[in-house]
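What follows is a set of notes on a single structure, which appears directly below.
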Amino acid sequence: MIERCSIKTIVIVVAILIGISVLILLLEDAFTLKNATKDTTPVDNTSSANCWETEKFAVKVNCTQCTSFQKKSAQSCWDTGYRQLLQCEVSGAAYRSCKKPWEEERNFWIFEACSFVLGVVAIATTILRQRRMHQQTLKRIQKQINDSLM
């Protein structure tokens, strides 16, 4: 299939792909900078804001997923969609944003599995295409030999 494309077409397609890649990198960089300036540990209770940074605290409820209403209304749910309930010694109860560590690892392995499957499919497609082209070439050569003998 690619053997039927002209050099000009291939160069244009490669240039477009490079341009899209650069655009994606620039957009990712812009969004990453916006998120980096945001406070990563917001709380819902402003009277005990960031009490875990200045006081001793105990985790009352481990990291739990926020409801769809809490994701819109509770500041501690905005960043990650998860929050945990803390009991600070002086200030009392407060929520803070948290991450599920297994979730990032799971997403990494899903990405790796998808990359592996895509690689295997690409290799299989390439091998099958090479075999088909080799057979076509052999048929053409055989036909030329037969035509020259007659």
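Order determines the names: the first chain of the structure tokens is A, the second B, and so forth; residues in each chain are numbered 1 upward, and ligands are numbered 1 upward as they are shown.
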Q) Hey, what's within 7 Å of Cys77 in chain A if we count only C-alpha atoms and toss same-chain stuff fewer than 6 positions away? As a PyMOL selection string, please? A) chain A and resi 66+70-71+83+97
Q.
Counting only C-alpha atoms, which residue out of A:Leu85, A:Phe31, A:Leu25, A:Lys72 sits closest to Trp52 in chain A?
A.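 So, comparing all the options, the nearest one is A:Leu85.
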**Q.** Contact residues around range 53-56 of chain A with only C-alpha atoms at 10 Å, ignoring same-chain residues under 3 positions, as a count of residues only
**A.** 8
Q: Find the spatial neighbours of range 103-115 of chain A, counting only C-alpha atoms, within a cut-off of 12 Å - ignore same-chain residues fewer than 6 positions away - and output them as a ChimeraX atom specification.
A: /A:63,65,80-82,121-122
Could you save those same residues with N, CA and C atoms as a PDB file, in the first residue's frame?
```
ATOM      1  N   CYS A  63      -8.927   7.091  51.802  1.00  0.00           N
ATOM      2  CA  CYS A  63      -9.240   7.673  50.503  1.00  0.00           C
ATOM      3  C   CYS A  63     -10.488   7.013  49.912  1.00  0.00           C
ATOM      4  N   GLN A  65     -13.855   7.552  46.967  1.00  0.00           N
ATOM      5  CA  GLN A  65     -14.247   8.272  45.755  1.00  0.00           C
ATOM      6  C   GLN A  65     -15.398   9.223  46.079  1.00  0.00           C
ATOM      7  N   THR A  80      -8.629  15.327  42.284  1.00  0.00           N
ATOM      8  CA  THR A  80      -8.438  13.904  42.014  1.00  0.00           C
ATOM      9  C   THR A  80      -9.726  13.104  41.964  1.00  0.00           C
ATOM     10  N   GLY A  81     -10.822  13.636  42.522  1.00  0.00           N
ATOM     11  CA  GLY A  81     -12.063  12.872  42.593  1.00  0.00           C
ATOM     12  C   GLY A  81     -12.102  11.951  43.791  1.00  0.00           C
ATOM     13  N   TYR A  82     -11.082  12.039  44.641  1.00  0.00           N
ATOM     14  CA  TYR A  82     -11.015  11.259  45.876  1.00  0.00           C
ATOM     15  C   TYR A  82     -10.699  12.204  47.028  1.00  0.00           C
ATOM     16  N   VAL A 121       0.082  -6.583  16.562  1.00  0.00           N
ATOM     17  CA  VAL A 121      -0.769  -6.457  15.373  1.00  0.00           C
ATOM     18  C   VAL A 121       0.019  -5.821  14.226  1.00  0.00           C
ATOM     19  N   ALA A 122       0.811  -4.808  14.517  1.00  0.00           N
ATOM     20  CA  ALA A 122       1.602  -4.150  13.477  1.00  0.00           C
ATOM     21  C   ALA A 122       2.631  -5.111  12.876  1.00  0.00           C
TER      22      ALA A 122
END
```
Q. Hey, which of A:Ala30, A:Ile12, A:Glu3, A:Trp78 ends up closest to Met133 in chain A? Count only C-alpha atoms.
A. A:Glu3
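The smallest atom-to-atom distance between Cys98 in chain A and any of A:Gly119, A:Lys143, A:Gln75, A:Ile18, using only C-alpha atoms, is found for A:Gln75.
If you measure from each of A:Tyr95, A:Asp79, A:Leu27, A:Asn146 to Lys60 in chain A using only C-alpha atoms, the closest one turns out to be A:Tyr95.
Taking only range 5-94 of chain A, the residues that DSSP calls strand (DSSP E) from the backbone come to Phe57, Ala58, Val59, Lys60, Val61, Asn62, Cys63, Thr64, Gln65, Tyr82, Arg83, Gln84, Leu85, Leu86, Gln87, Cys88, Gly92, Ala93 and Ala94 of chain A.
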Can you write just those residues out, all heavy atoms, as a compact mmCIF listing (two decimals), in the first residue's frame?
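Wrote it out as part14.txt, contents follow:
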```txt
# COMPACT_ATOMS: atom_id res chain seq x y z
N PHE A 57 -2.44 14.91 63.20
CA PHE A 57 -3.76 14.49 62.72
C PHE A 57 -3.81 12.98 62.60
O PHE A 57 -2.78 12.30 62.59
CB PHE A 57 -4.08 15.13 61.36
CG PHE A 57 -3.20 14.66 60.24
CD1 PHE A 57 -3.55 13.55 59.48
CD2 PHE A 57 -2.02 15.33 59.94
CE1 PHE A 57 -2.74 13.12 58.45
CE2 PHE A 57 -1.20 14.90 58.91
CZ PHE A 57 -1.56 13.80 58.16
N ALA A 58 -5.02 12.48 62.55
CA ALA A 58 -5.27 11.06 62.33
C ALA A 58 -6.24 10.93 61.17
O ALA A 58 -7.14 11.75 61.01
CB ALA A 58 -5.85 10.42 63.58
N VAL A 59 -6.05 9.90 60.37
CA VAL A 59 -6.94 9.65 59.24
C VAL A 59 -8.15 8.89 59.77
O VAL A 59 -8.03 7.78 60.27
CB VAL A 59 -6.24 8.85 58.14
CG1 VAL A 59 -7.20 8.54 57.01
CG2 VAL A 59 -5.02 9.60 57.62
N LYS A 60 -9.33 9.53 59.68
CA LYS A 60 -10.56 8.88 60.14
C LYS A 60 -11.14 7.98 59.07
O LYS A 60 -11.59 6.88 59.35
CB LYS A 60 -11.59 9.94 60.55
CG LYS A 60 -11.26 10.63 61.86
CD LYS A 60 -12.34 11.62 62.26
CE LYS A 60 -13.49 10.88 62.90
NZ LYS A 60 -14.51 11.82 63.42
N VAL A 61 -11.17 8.47 57.83
CA VAL A 61 -11.69 7.69 56.71
C VAL A 61 -10.64 7.71 55.60
O VAL A 61 -10.22 8.79 55.18
CB VAL A 61 -13.03 8.27 56.19
CG1 VAL A 61 -13.53 7.47 55.01
CG2 VAL A 61 -14.07 8.30 57.29
N ASN A 62 -10.22 6.53 55.16
CA ASN A 62 -9.23 6.46 54.09
C ASN A 62 -9.78 7.02 52.79
O ASN A 62 -10.95 7.36 52.69
CB ASN A 62 -8.77 5.01 53.88
CG ASN A 62 -7.72 4.61 54.87
OD1 ASN A 62 -6.98 5.44 55.38
ND2 ASN A 62 -7.65 3.32 55.16
N CYS A 63 -8.93 7.09 51.80
CA CYS A 63 -9.24 7.67 50.50
C CYS A 63 -10.49 7.01 49.91
O CYS A 63 -10.50 5.81 49.65
CB CYS A 63 -8.04 7.46 49.59
SG CYS A 63 -7.76 8.77 48.45
N THR A 64 -11.55 7.82 49.69
CA THR A 64 -12.78 7.31 49.10
C THR A 64 -13.14 8.17 47.90
O THR A 64 -12.81 9.35 47.84
CB THR A 64 -13.96 7.36 50.11
OG1 THR A 64 -14.11 8.69 50.58
CG2 THR A 64 -13.71 6.41 51.27
N GLN A 65 -13.85 7.55 46.97
CA GLN A 65 -14.25 8.27 45.76
C GLN A 65 -15.40 9.22 46.08
O GLN A 65 -16.32 8.89 46.82
CB GLN A 65 -14.66 7.29 44.67
CG GLN A 65 -14.89 7.96 43.34
CD GLN A 65 -15.06 6.95 42.22
OE1 GLN A 65 -15.26 5.78 42.45
NE2 GLN A 65 -15.00 7.43 40.99
N TYR A 82 -11.08 12.04 44.64
CA TYR A 82 -11.02 11.26 45.88
C TYR A 82 -10.70 12.20 47.03
O TYR A 82 -10.05 13.23 46.85
CB TYR A 82 -9.91 10.19 45.80
CG TYR A 82 -10.20 9.09 44.82
CD1 TYR A 82 -9.78 9.17 43.50
CD2 TYR A 82 -10.91 7.97 45.21
CE1 TYR A 82 -10.04 8.16 42.60
CE2 TYR A 82 -11.18 6.95 44.32
CZ TYR A 82 -10.75 7.05 43.01
OH TYR A 82 -11.02 6.05 42.13
N ARG A 83 -11.16 11.83 48.21
CA ARG A 83 -10.82 12.62 49.39
C ARG A 83 -10.78 11.72 50.61
O ARG A 83 -11.34 10.62 50.62
CB ARG A 83 -11.81 13.77 49.58
CG ARG A 83 -13.20 13.35 50.00
CD ARG A 83 -14.07 14.57 50.18
NE ARG A 83 -15.39 14.19 50.67
CZ ARG A 83 -16.30 15.04 51.03
NH1 ARG A 83 -16.05 16.34 50.96
NH2 ARG A 83 -17.47 14.65 51.46
N GLN A 84 -10.09 12.21 51.65
CA GLN A 84 -10.02 11.47 52.90
C GLN A 84 -10.36 12.42 54.04
O GLN A 84 -10.07 13.62 53.98
CB GLN A 84 -8.66 10.81 53.10
CG GLN A 84 -7.49 11.72 53.21
CD GLN A 84 -6.15 11.01 53.30
OE1 GLN A 84 -5.16 11.64 53.08
NE2 GLN A 84 -6.10 9.74 53.58
N LEU A 85 -10.97 11.86 55.08
CA LEU A 85 -11.37 12.63 56.25
C LEU A 85 -10.27 12.54 57.29
O LEU A 85 -9.85 11.44 57.66
CB LEU A 85 -12.69 12.11 56.81
CG LEU A 85 -13.23 12.78 58.06
CD1 LEU A 85 -13.49 14.27 57.80
CD2 LEU A 85 -14.49 12.09 58.54
N LEU A 86 -9.80 13.70 57.74
CA LEU A 86 -8.76 13.78 58.76
C LEU A 86 -9.34 14.35 60.04
O LEU A 86 -10.25 15.18 60.01
CB LEU A 86 -7.61 14.68 58.29
CG LEU A 86 -6.96 14.35 56.95
CD1 LEU A 86 -5.93 15.41 56.62
CD2 LEU A 86 -6.33 12.98 56.97
N GLN A 87 -8.78 13.94 61.17
CA GLN A 87 -9.13 14.53 62.46
C GLN A 87 -7.89 15.22 63.00
O GLN A 87 -6.95 14.57 63.45
CB GLN A 87 -9.62 13.44 63.44
CG GLN A 87 -10.04 13.97 64.79
CD GLN A 87 -11.27 14.86 64.71
OE1 GLN A 87 -12.20 14.56 63.98
NE2 GLN A 87 -11.26 15.94 65.45
N CYS A 88 -7.88 16.56 62.91
CA CYS A 88 -6.75 17.34 63.43
C CYS A 88 -6.95 17.54 64.93
O CYS A 88 -8.09 17.62 65.42
CB CYS A 88 -6.67 18.69 62.72
SG CYS A 88 -6.33 18.53 60.95
N GLY A 92 -10.03 20.16 64.45
CA GLY A 92 -11.15 19.25 64.25
C GLY A 92 -11.06 18.54 62.91
O GLY A 92 -9.98 18.34 62.36
N ALA A 93 -12.21 18.18 62.38
CA ALA A 93 -12.27 17.39 61.15
C ALA A 93 -12.05 18.25 59.92
O ALA A 93 -12.47 19.41 59.87
CB ALA A 93 -13.61 16.67 61.05
N ALA A 94 -11.37 17.68 58.93
CA ALA A 94 -11.13 18.36 57.66
C ALA A 94 -10.96 17.31 56.58
O ALA A 94 -10.54 16.19 56.85
CB ALA A 94 -9.89 19.24 57.74
```
Q: Enumerate, as a ChimeraX atom specification, the complete set of residues in range 17-113 of chain A that a backbone-based DSSP assignment places in alpha helix (DSSP H).
A: /A:17-37,51-54,68-73,101-113
